[in-house]
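So this one's structure_27.txt, compact mmCIF, C-alpha atoms:
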# COMPACT_ATOMS: atom_id res chain seq x y z
CA MET A 366 140.12 -72.33 68.22
CA LYS A 367 137.56 -74.87 69.35
CA PRO A 368 138.87 -78.25 70.48
CA LYS A 369 138.08 -81.11 68.13
CA ALA A 370 134.87 -82.92 68.99
CA GLN A 371 134.84 -86.68 69.46
CA ASN A 372 131.30 -86.73 68.17
CA GLU A 373 128.71 -84.11 67.28
CA PHE A 374 125.20 -83.47 65.98
CA LEU A 375 123.18 -80.62 64.56
CA LEU A 376 119.44 -80.44 65.06
CA GLU A 377 117.07 -77.89 63.54
CA PHE A 378 113.35 -77.51 64.22
CA PRO A 379 110.64 -74.82 64.09
CA SER A 380 109.94 -72.86 67.28
CA ARG A 381 106.75 -74.72 68.19
CA SER A 382 106.25 -75.51 71.87
CA SER A 383 105.47 -79.12 70.96
CA ASN A 384 109.16 -79.47 70.02
CA GLU A 385 110.37 -78.77 73.58
CA GLY A 386 109.97 -82.41 74.58
CA PHE A 387 111.51 -83.57 71.31
CA ALA A 388 114.58 -81.38 71.86
CA ARG A 389 115.08 -82.74 75.39
CA SER A 390 114.76 -86.34 74.26
CA ALA A 391 117.07 -85.89 71.25
CA VAL A 392 119.82 -84.30 73.36
CA ALA A 393 119.41 -86.95 76.06
CA SER A 394 119.82 -89.69 73.43
CA PHE A 395 123.04 -88.10 72.20
CA ALA A 396 124.35 -87.54 75.75
CA ALA A 397 123.65 -91.18 76.62
CA GLN A 398 126.89 -92.22 74.90
CA LEU A 399 128.78 -90.45 77.70
CA ASP A 400 127.20 -92.94 80.10
CA PRO A 401 125.72 -90.24 82.35
CA THR A 402 124.02 -90.89 85.67
CA LEU A 403 120.26 -90.40 85.75
CA GLY A 404 120.83 -87.17 87.66
CA GLU A 405 123.27 -85.84 85.06
CA LEU A 406 120.85 -86.72 82.26
CA GLU A 407 118.01 -84.92 84.05
CA ASP A 408 120.22 -81.86 84.54
CA ILE A 409 121.01 -81.77 80.82
CA LYS A 410 117.37 -82.23 79.80
CA THR A 411 116.27 -79.47 82.16
CA ALA A 412 118.88 -77.00 80.88
CA VAL A 413 118.00 -77.79 77.25
CA SER A 414 114.33 -77.28 78.01
CA GLU A 415 115.05 -73.83 79.44
CA ALA A 416 117.21 -72.70 76.52
CA VAL A 417 114.80 -74.00 73.88
CA THR A 418 111.80 -72.47 75.67
CA ASN A 419 113.58 -69.11 75.77
CA ALA A 420 114.05 -69.28 72.00
CA ILE A 421 110.41 -70.25 71.41
CA VAL A 422 108.93 -67.64 73.78
CA HIS A 423 111.32 -64.71 73.46
CA ALA A 424 113.17 -64.99 70.14
CA TYR A 425 110.06 -65.51 68.04
CA PRO A 426 107.14 -64.10 70.09
CA ASP A 427 104.78 -63.60 67.15
CA SER A 428 106.15 -65.97 64.55
CA ILE A 429 107.65 -69.39 63.97
CA GLY A 430 111.38 -69.38 63.34
CA LYS A 431 114.21 -71.87 63.30
CA VAL A 432 115.91 -73.15 66.44
CA THR A 433 119.13 -75.14 66.15
CA ILE A 434 120.95 -77.22 68.72
CA ARG A 435 124.54 -78.22 68.15
CA GLY A 436 125.88 -80.85 70.51
CA ARG A 437 129.54 -81.85 70.84
CA ILE A 438 131.37 -84.35 72.97
CA CYS A 439 134.78 -82.93 73.79
CA ASP A 440 137.87 -84.32 75.50
CA GLY A 441 137.56 -84.88 79.21
CA ASN A 442 134.01 -86.28 79.03
CA GLU A 443 132.61 -82.79 78.43
CA LEU A 444 129.30 -82.17 76.70
CA GLU A 445 128.89 -78.85 74.90
CA LEU A 446 125.45 -77.73 73.74
CA THR A 447 124.68 -74.59 71.75
CA VAL A 448 121.05 -73.52 71.35
CA LYS A 449 120.75 -70.87 68.67
CA ASP A 450 117.99 -68.81 67.12
CA LYS A 451 117.76 -66.03 64.57
CA GLY A 452 115.10 -64.12 66.47
CA ARG A 453 114.90 -60.64 67.89
CA GLY A 454 117.79 -60.95 70.35
CA ILE A 455 118.15 -60.01 74.01
CA PRO A 456 118.67 -56.24 74.55
CA ASP A 457 120.43 -56.67 77.91
CA VAL A 458 121.90 -60.14 78.52
CA ASP A 459 123.09 -59.37 82.07
CA LYS A 460 119.61 -58.24 83.05
CA ALA A 461 118.00 -61.27 81.39
CA ARG A 462 120.25 -63.58 83.43
CA GLN A 463 119.12 -62.10 86.74
CA PRO A 464 116.78 -64.35 88.76
CA MET A 465 113.08 -63.51 88.49
CA PHE A 466 113.60 -61.14 85.55
CA THR A 467 111.21 -61.90 82.71
CA THR A 468 109.42 -60.17 79.89
CA GLY A 469 107.23 -63.23 79.40
CA GLY A 470 104.33 -62.30 81.71
CA THR A 471 102.74 -64.69 84.22
CA GLU A 472 103.48 -67.73 82.04
CA ARG A 473 107.19 -67.39 82.78
CA SER A 474 109.05 -67.34 86.10
CA GLY A 475 112.25 -65.56 85.05
CA MET A 476 114.27 -68.49 86.45
CA GLY A 477 115.36 -70.05 83.14
CA PHE A 478 118.97 -68.83 83.15
CA THR A 479 119.26 -69.51 86.88
CA ILE A 480 118.26 -73.14 86.26
CA MET A 481 120.69 -73.44 83.31
CA GLU A 482 123.53 -72.00 85.42
CA SER A 483 122.68 -74.27 88.30
CA PHE A 484 122.41 -77.49 86.27
CA MET A 485 125.34 -76.99 83.86
CA ASP A 486 128.98 -76.04 84.60
CA ARG A 487 129.33 -72.99 82.34
CA ILE A 488 126.94 -70.85 80.31
CA THR A 489 127.90 -68.35 77.61
CA VAL A 490 125.23 -66.10 76.07
CA ARG A 491 125.79 -64.10 72.91
CA SER A 492 123.01 -61.97 71.51
CA ALA A 493 122.52 -59.19 68.99
CA ALA A 494 119.33 -57.17 68.54
CA GLY A 495 117.44 -58.37 65.48
CA LYS A 496 120.00 -61.07 64.71
CA GLY A 497 119.43 -63.72 67.32
CA THR A 498 120.81 -65.39 70.40
CA SER A 499 123.23 -68.21 71.02
CA VAL A 500 123.45 -69.98 74.38
CA THR A 501 126.37 -72.36 74.89
CA MET A 502 126.27 -74.67 77.88
CA ARG A 503 129.01 -77.03 79.01
CA LYS A 504 128.94 -79.86 81.47
CA LYS A 505 131.69 -82.25 82.42
CA LEU A 506 130.34 -85.67 83.24
CA ALA A 507 131.88 -87.87 85.89
CA PRO A 508 134.11 -90.40 84.13
CA ARG A 509 133.12 -94.03 84.48
CA VAL A 510 134.95 -97.22 83.71
CA ARG A 511 133.82 -98.42 80.30
CA SER A 512 134.84 -101.28 78.12
CA ALA A 513 133.35 -99.84 74.90
CA LYS A 514 135.69 -98.23 72.36
CA MET B 767 82.74 -82.23 92.66
CA GLU B 768 85.28 -84.25 90.77
CA GLU B 769 86.39 -83.74 87.27
CA ASN B 770 89.19 -84.80 85.08
CA LEU B 771 90.73 -82.20 82.83
CA LYS B 772 93.03 -83.32 80.09
CA ILE B 773 95.29 -80.64 78.77
CA GLN B 774 95.96 -81.75 75.26
CA LYS B 775 97.77 -79.41 72.94
CA GLN B 776 97.55 -79.61 69.19
CA ARG B 777 100.31 -82.20 68.97
CA GLY B 778 102.78 -83.96 71.14
CA LEU B 779 102.82 -84.76 74.79
CA PHE B 780 100.17 -83.75 77.24
CA MET B 781 99.72 -83.24 80.89
CA GLU B 782 96.72 -84.16 82.90
CA ILE B 783 95.15 -82.48 85.92
CA GLN B 784 92.76 -84.31 88.18
CA VAL B 785 90.69 -81.84 90.20
CA LYS B 786 89.06 -82.85 93.48
CA SER B 787 87.16 -80.32 95.50
CA ALA B 788 85.26 -80.61 98.78
CA ASP B 789 84.39 -78.09 101.48
CA ARG B 790 86.52 -75.36 99.91
CA ASN B 791 89.55 -77.63 99.86
CA LEU B 792 90.97 -78.09 96.39
CA LEU B 793 93.26 -80.95 95.41
CA LEU B 794 95.05 -80.77 92.07
CA GLU B 795 96.79 -83.96 90.98
CA LEU B 796 99.21 -83.11 88.18
CA SER B 797 100.76 -85.68 85.89
CA GLY B 798 102.85 -85.66 82.72
CA GLU B 799 105.48 -83.21 81.48
CA LEU B 800 105.20 -79.76 83.07
CA ASP B 801 107.19 -77.73 80.56
CA HIS B 802 106.16 -74.52 78.77
CA HIS B 803 104.07 -76.59 76.33
CA GLY B 804 102.17 -78.34 79.11
CA ALA B 805 101.98 -75.40 81.53
CA ARG B 806 100.20 -73.06 79.12
CA GLY B 807 97.02 -75.12 79.13
CA ALA B 808 97.45 -76.14 82.75
CA LEU B 809 97.48 -72.54 84.00
CA ARG B 810 94.10 -71.80 82.40
CA GLU B 811 92.54 -74.98 83.75
CA VAL B 812 93.91 -74.47 87.25
CA GLU B 813 92.59 -70.90 87.34
CA LEU B 814 89.15 -72.16 86.27
CA ALA B 815 89.24 -74.76 89.05
CA ILE B 816 90.19 -72.09 91.61
CA ASP B 817 87.43 -69.76 90.41
CA ALA B 818 84.88 -72.58 90.69
CA ALA B 819 85.95 -73.84 94.13
CA LEU B 820 87.12 -70.58 95.79
CA PRO B 821 89.25 -72.76 98.06
CA LYS B 822 90.63 -71.97 101.50
CA THR B 823 93.32 -74.59 101.04
CA LEU B 824 94.85 -75.82 97.82
CA VAL B 825 97.11 -78.86 97.52
CA MET B 826 99.17 -79.49 94.37
CA ASP B 827 100.10 -83.16 94.25
CA MET B 828 103.05 -83.47 91.87
CA SER B 829 103.61 -87.23 92.17
CA GLY B 830 102.68 -87.86 88.52
CA ILE B 831 105.04 -85.25 87.07
CA THR B 832 107.65 -86.96 84.88
CA PHE B 833 109.52 -83.76 83.96
CA MET B 834 109.39 -80.13 85.12
CA ASP B 835 111.31 -77.00 84.19
CA SER B 836 110.90 -73.36 85.26
CA SER B 837 107.45 -73.34 83.64
CA GLY B 838 106.34 -75.33 86.69
CA ILE B 839 107.72 -72.60 88.94
CA ALA B 840 105.63 -70.01 87.09
CA LEU B 841 102.54 -72.19 87.52
CA ILE B 842 103.13 -72.66 91.26
CA LEU B 843 103.82 -68.94 91.83
CA ARG B 844 100.70 -67.98 89.88
CA VAL B 845 98.59 -70.36 91.95
CA GLN B 846 100.14 -68.94 95.10
CA GLN B 847 99.19 -65.40 94.02
CA ARG B 848 95.61 -66.50 93.38
CA MET B 849 95.42 -68.18 96.78
CA GLN B 850 96.79 -65.05 98.49
CA LEU B 851 93.94 -63.06 96.94
CA LEU B 852 91.51 -65.59 98.42
CA ASP B 853 93.32 -65.41 101.77
CA GLY B 854 93.98 -69.12 101.42
CA SER B 855 96.99 -71.39 101.64
CA ILE B 856 98.87 -73.57 99.18
CA LEU B 857 100.83 -76.77 99.74
CA VAL B 858 102.97 -78.48 97.10
CA CYS B 859 103.53 -82.15 97.87
CA ASN B 860 104.95 -85.44 96.53
CA VAL B 861 107.45 -83.64 94.30
CA PRO B 862 109.62 -86.08 92.28
CA GLN B 863 113.40 -85.66 92.54
CA GLN B 864 114.00 -83.89 89.20
CA ALA B 865 111.23 -81.37 89.82
CA ARG B 866 112.42 -80.90 93.40
CA ARG B 867 115.89 -79.96 92.18
CA VAL B 868 114.34 -77.32 89.89
CA LEU B 869 112.35 -75.86 92.79
CA ASP B 870 115.44 -75.91 95.05
CA ALA B 871 117.68 -74.24 92.43
CA ALA B 872 115.16 -71.40 92.24
CA GLY B 873 114.70 -71.20 96.02
CA ILE B 874 110.94 -71.68 95.77
CA GLY B 875 110.87 -73.40 99.17
CA ARG B 876 111.28 -69.93 100.71
CA LEU B 877 108.02 -68.77 99.12
CA VAL B 878 105.81 -71.85 99.08
CA THR B 879 105.39 -74.78 101.49
CA ILE B 880 106.77 -77.92 99.85
CA ARG B 881 106.35 -81.28 101.52

Could you render the structure from this file as structure tokens?
Amino acid sequence: MKPKAQNEFLLEFPSRSSNEGFARSAVASFAAQLDPTLGELEDIKTAVSEAVTNAIVHAYPDSIGKVTIRGRICDGNELELTVKDKGRGIPDVDKARQPMFTTGGTERSGMGFTIMESFMDRITVRSAAGKGTSVTMRKKLAPRVRSAK
Amino acid sequence: MEENLKIQKQRGLFMEIQVKSADRNLLLELSGELDHHGARGALREVELAIDAALPKTLVMDMSGITFMDSSGIALILRVQQRMQLLDGSILVCNVPQQARRVLDAAGIGRLVTIR
């Protein structure tokens, strides 16, 4: 069973590339309550950008579908983010996670999962052909002394 | 030759590329958010600039980049491929810290000169 979240949000938007910046900013605003360092915030924004771009480019290559982001703040100053789509799915998740592997042509570098893995603590990918993909990323932020309740 | 190409997508944020070319040296000054949204237009414009200048050296000045993800890596690698075809060289310089960490995580420093 999932641990109880101290706070959470659910965001849904269509898979338009113009929403990539919106998704980054929205998640960064939520994460700000954990009092992250600038570096931690940049890591989170970068990982979100990669996951959302994957959904836009690969889940819905020829159509506009829904992308959701669920964010949770868990015990131990941990941020959990799940980026989910109901697109075509990833046939081979292990292969997709390999560096430089892409089906996105010259527009893509194949480094998206590598960046997510490098900038977050843990990544879990679940995917089913024709049903969609869910990427859960977790990052523990360094605790800081705070006076706020 | 000097021109200013604004990459403006249908909505939202944009990135800007300032192109300066002289003596088959091409300088691209990139600014704004280099994500998938920004990179799509940027790639086309950069390829046009390369085709027009046929440079021997190409410098990508990243000092104005406020955010970059792996879309920036794809852009840099594509430019590098084009420069290899022209038997030319590429230098990526003035990379802000966030973008630098993306390049380092992907090990791009092994493939392209970054200063």

* Asked: So which residues fall inside 12 Å of (111.1, -62.5, 86.0) if we count only C-alpha atoms? Mind giving them as a list in words?
  -> Lys460, Ala461, Arg462, Gln463, Pro464, Met465, Phe466, Thr467, Thr468, Gly469, Gly470, Thr471, Glu472, Arg473, Ser474, Gly475, Met476, Gly477, Phe478 and Thr479 of chain A; Ser836, Ser837, Ile839, Ala840, Leu843 and Ala872 of chain B

Taking only residues of chain B that have an atom at most 10 Å from an atom of chain A, what is each one's shortest atom pair and its distance in Å to one decimal, using all atoms listed in the file, in chain and number order, as a tab-separated table?
residue	atom	partner	partner_atom	distance
B:Lys775	CA	A:Ser383	CA	8.0
B:Gln776	CA	A:Ser383	CA	8.1
B:Arg777	CA	A:Ser383	CA	6.3
B:Gly778	CA	A:Ser383	CA	5.5
B:Leu779	CA	A:Ser383	CA	7.3
B:Phe780	CA	A:Ser383	CA	9.4
B:Glu799	CA	A:Gly386	CA	8.3
B:Asp801	CA	A:Ser414	CA	7.6
B:His802	CA	A:Thr418	CA	6.8
B:His803	CA	A:Ser382	CA	5.1
B:Gly804	CA	A:Ser382	CA	8.8
B:Ala805	CA	A:Glu472	CA	7.8
B:Arg806	CA	A:Glu472	CA	6.9
B:Leu809	CA	A:Glu472	CA	7.9
B:Phe833	CA	A:Thr411	CA	8.2
B:Met834	CA	A:Thr411	CA	7.5
B:Asp835	CA	A:Thr411	CA	5.9
B:Ser836	CA	A:Gly477	CA	5.9
B:Ser837	CA	A:Arg473	CA	6.0
B:Gly838	CA	A:Ser474	CA	8.5
B:Ile839	CA	A:Ser474	CA	6.1
B:Ala840	CA	A:Ser474	CA	4.5
B:Leu841	CA	A:Glu472	CA	7.1
B:Ile842	CA	A:Ser474	CA	9.5
B:Leu843	CA	A:Ser474	CA	7.9
B:Arg844	CA	A:Thr471	CA	6.9
B:Gln863	CA	A:Gly404	CA	9.0
B:Gln864	CA	A:Glu407	CA	6.6
B:Ala865	CA	A:Thr411	CA	9.4
B:Arg867	CA	A:Asp408	CA	9.0
B:Val868	CA	A:Ile480	CA	6.8
B:Leu869	CA	A:Ile480	CA	9.2
B:Asp870	CA	A:Ile480	CA	9.6
B:Ala871	CA	A:Ile480	CA	6.3
B:Ala872	CA	A:Met476	CA	6.5
B:Gly873	CA	A:Met476	CA	10.0

* Which neighbours of Val392 in chain A fall inside 8 Å, counting only C-alpha atoms, when residues of the same chain fewer than 3 positions from it are skipped, and could you give them as a PyMOL selection string? -> chain A and resi 388-389+395-396+409-410+413+436

* Asked: Could you state the separation of CA of Lys822 in chain B and CA of Leu857 in chain B in Å, given to one decimal place?
  -> 11.4 Å

* **Sel. within 8 Å of pt (94.5, -78.0, 85.6), counting all atoms listed in the file, output as a PyMOL selection string** => chain B and resi 771-773+782-785+794+796+807-815

Could you save those same residues with C-alpha atoms as an mmCIF file, in the coordinates of the input?
data_model
loop_
_atom_site.group_PDB
_atom_site.id
_atom_site.type_symbol
_atom_site.label_atom_id
_atom_site.label_comp_id
_atom_site.auth_asym_id
_atom_site.auth_seq_id
_atom_site.Cartn_x
_atom_site.Cartn_y
_atom_site.Cartn_z
ATOM 1 C CA LEU B 771 90.730 -82.200 82.830
ATOM 2 C CA LYS B 772 93.030 -83.320 80.090
ATOM 3 C CA ILE B 773 95.290 -80.640 78.770
ATOM 4 C CA GLU B 782 96.720 -84.160 82.900
ATOM 5 C CA ILE B 783 95.150 -82.480 85.920
ATOM 6 C CA GLN B 784 92.760 -84.310 88.180
ATOM 7 C CA VAL B 785 90.690 -81.840 90.200
ATOM 8 C CA LEU B 794 95.050 -80.770 92.070
ATOM 9 C CA LEU B 796 99.210 -83.110 88.180
ATOM 10 C CA GLY B 807 97.020 -75.120 79.130
ATOM 11 C CA ALA B 808 97.450 -76.140 82.750
ATOM 12 C CA LEU B 809 97.480 -72.540 84.000
ATOM 13 C CA ARG B 810 94.100 -71.800 82.400
ATOM 14 C CA GLU B 811 92.540 -74.980 83.750
ATOM 15 C CA VAL B 812 93.910 -74.470 87.250
ATOM 16 C CA GLU B 813 92.590 -70.900 87.340
ATOM 17 C CA LEU B 814 89.150 -72.160 86.270
ATOM 18 C CA ALA B 815 89.240 -74.760 89.050
#

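The smallest atom-to-atom distance between Val858 in chain B and any of B:Ala819, B:Met781, B:Leu800, B:Ile880, using only C-alpha atoms, is found for B:Ile880.
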
* Asked: What gap, in Å, lies between CA of Asn442 in chain A and CA of Ala507 in chain A?
  -> 7.4 Å

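Atom pair CA of Val878 in chain B / CA of Pro862 in chain B has a distance of 16.2 Å (rounded to one decimal).
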
Can you sort out the box for range 810-820 of chain B, edges along x, y and z, all listed atoms in, 6 Å on every side, with centre and edge lengths in Å to one decimal, as AutoDock Vina command-line options?
--center_x 89.5 --center_y -72.4 --center_z 89.1 --size_x 21.2 --size_y 17.2 --size_z 25.4

Set the distance at 7 Å and use all atoms listed in the file: which residues neighbour Met828 in chain B once local chain neighbours fewer than 6 positions away are removed? I'd like the list as a short mmCIF file (atom, residue, chain, number, x, y, z; two decimals) with C-alpha atoms, in the coordinates of the input.
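Everything below was put into selection_29.cif:
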data_model
loop_
_atom_site.label_atom_id
_atom_site.label_comp_id
_atom_site.auth_asym_id
_atom_site.auth_seq_id
_atom_site.Cartn_x
_atom_site.Cartn_y
_atom_site.Cartn_z
CA GLU B 795 96.79 -83.96 90.98
CA LEU B 796 99.21 -83.11 88.18
CA SER B 797 100.76 -85.68 85.89
CA CYS B 859 103.53 -82.15 97.87
CA ASN B 860 104.95 -85.44 96.53
CA VAL B 861 107.45 -83.64 94.30
#
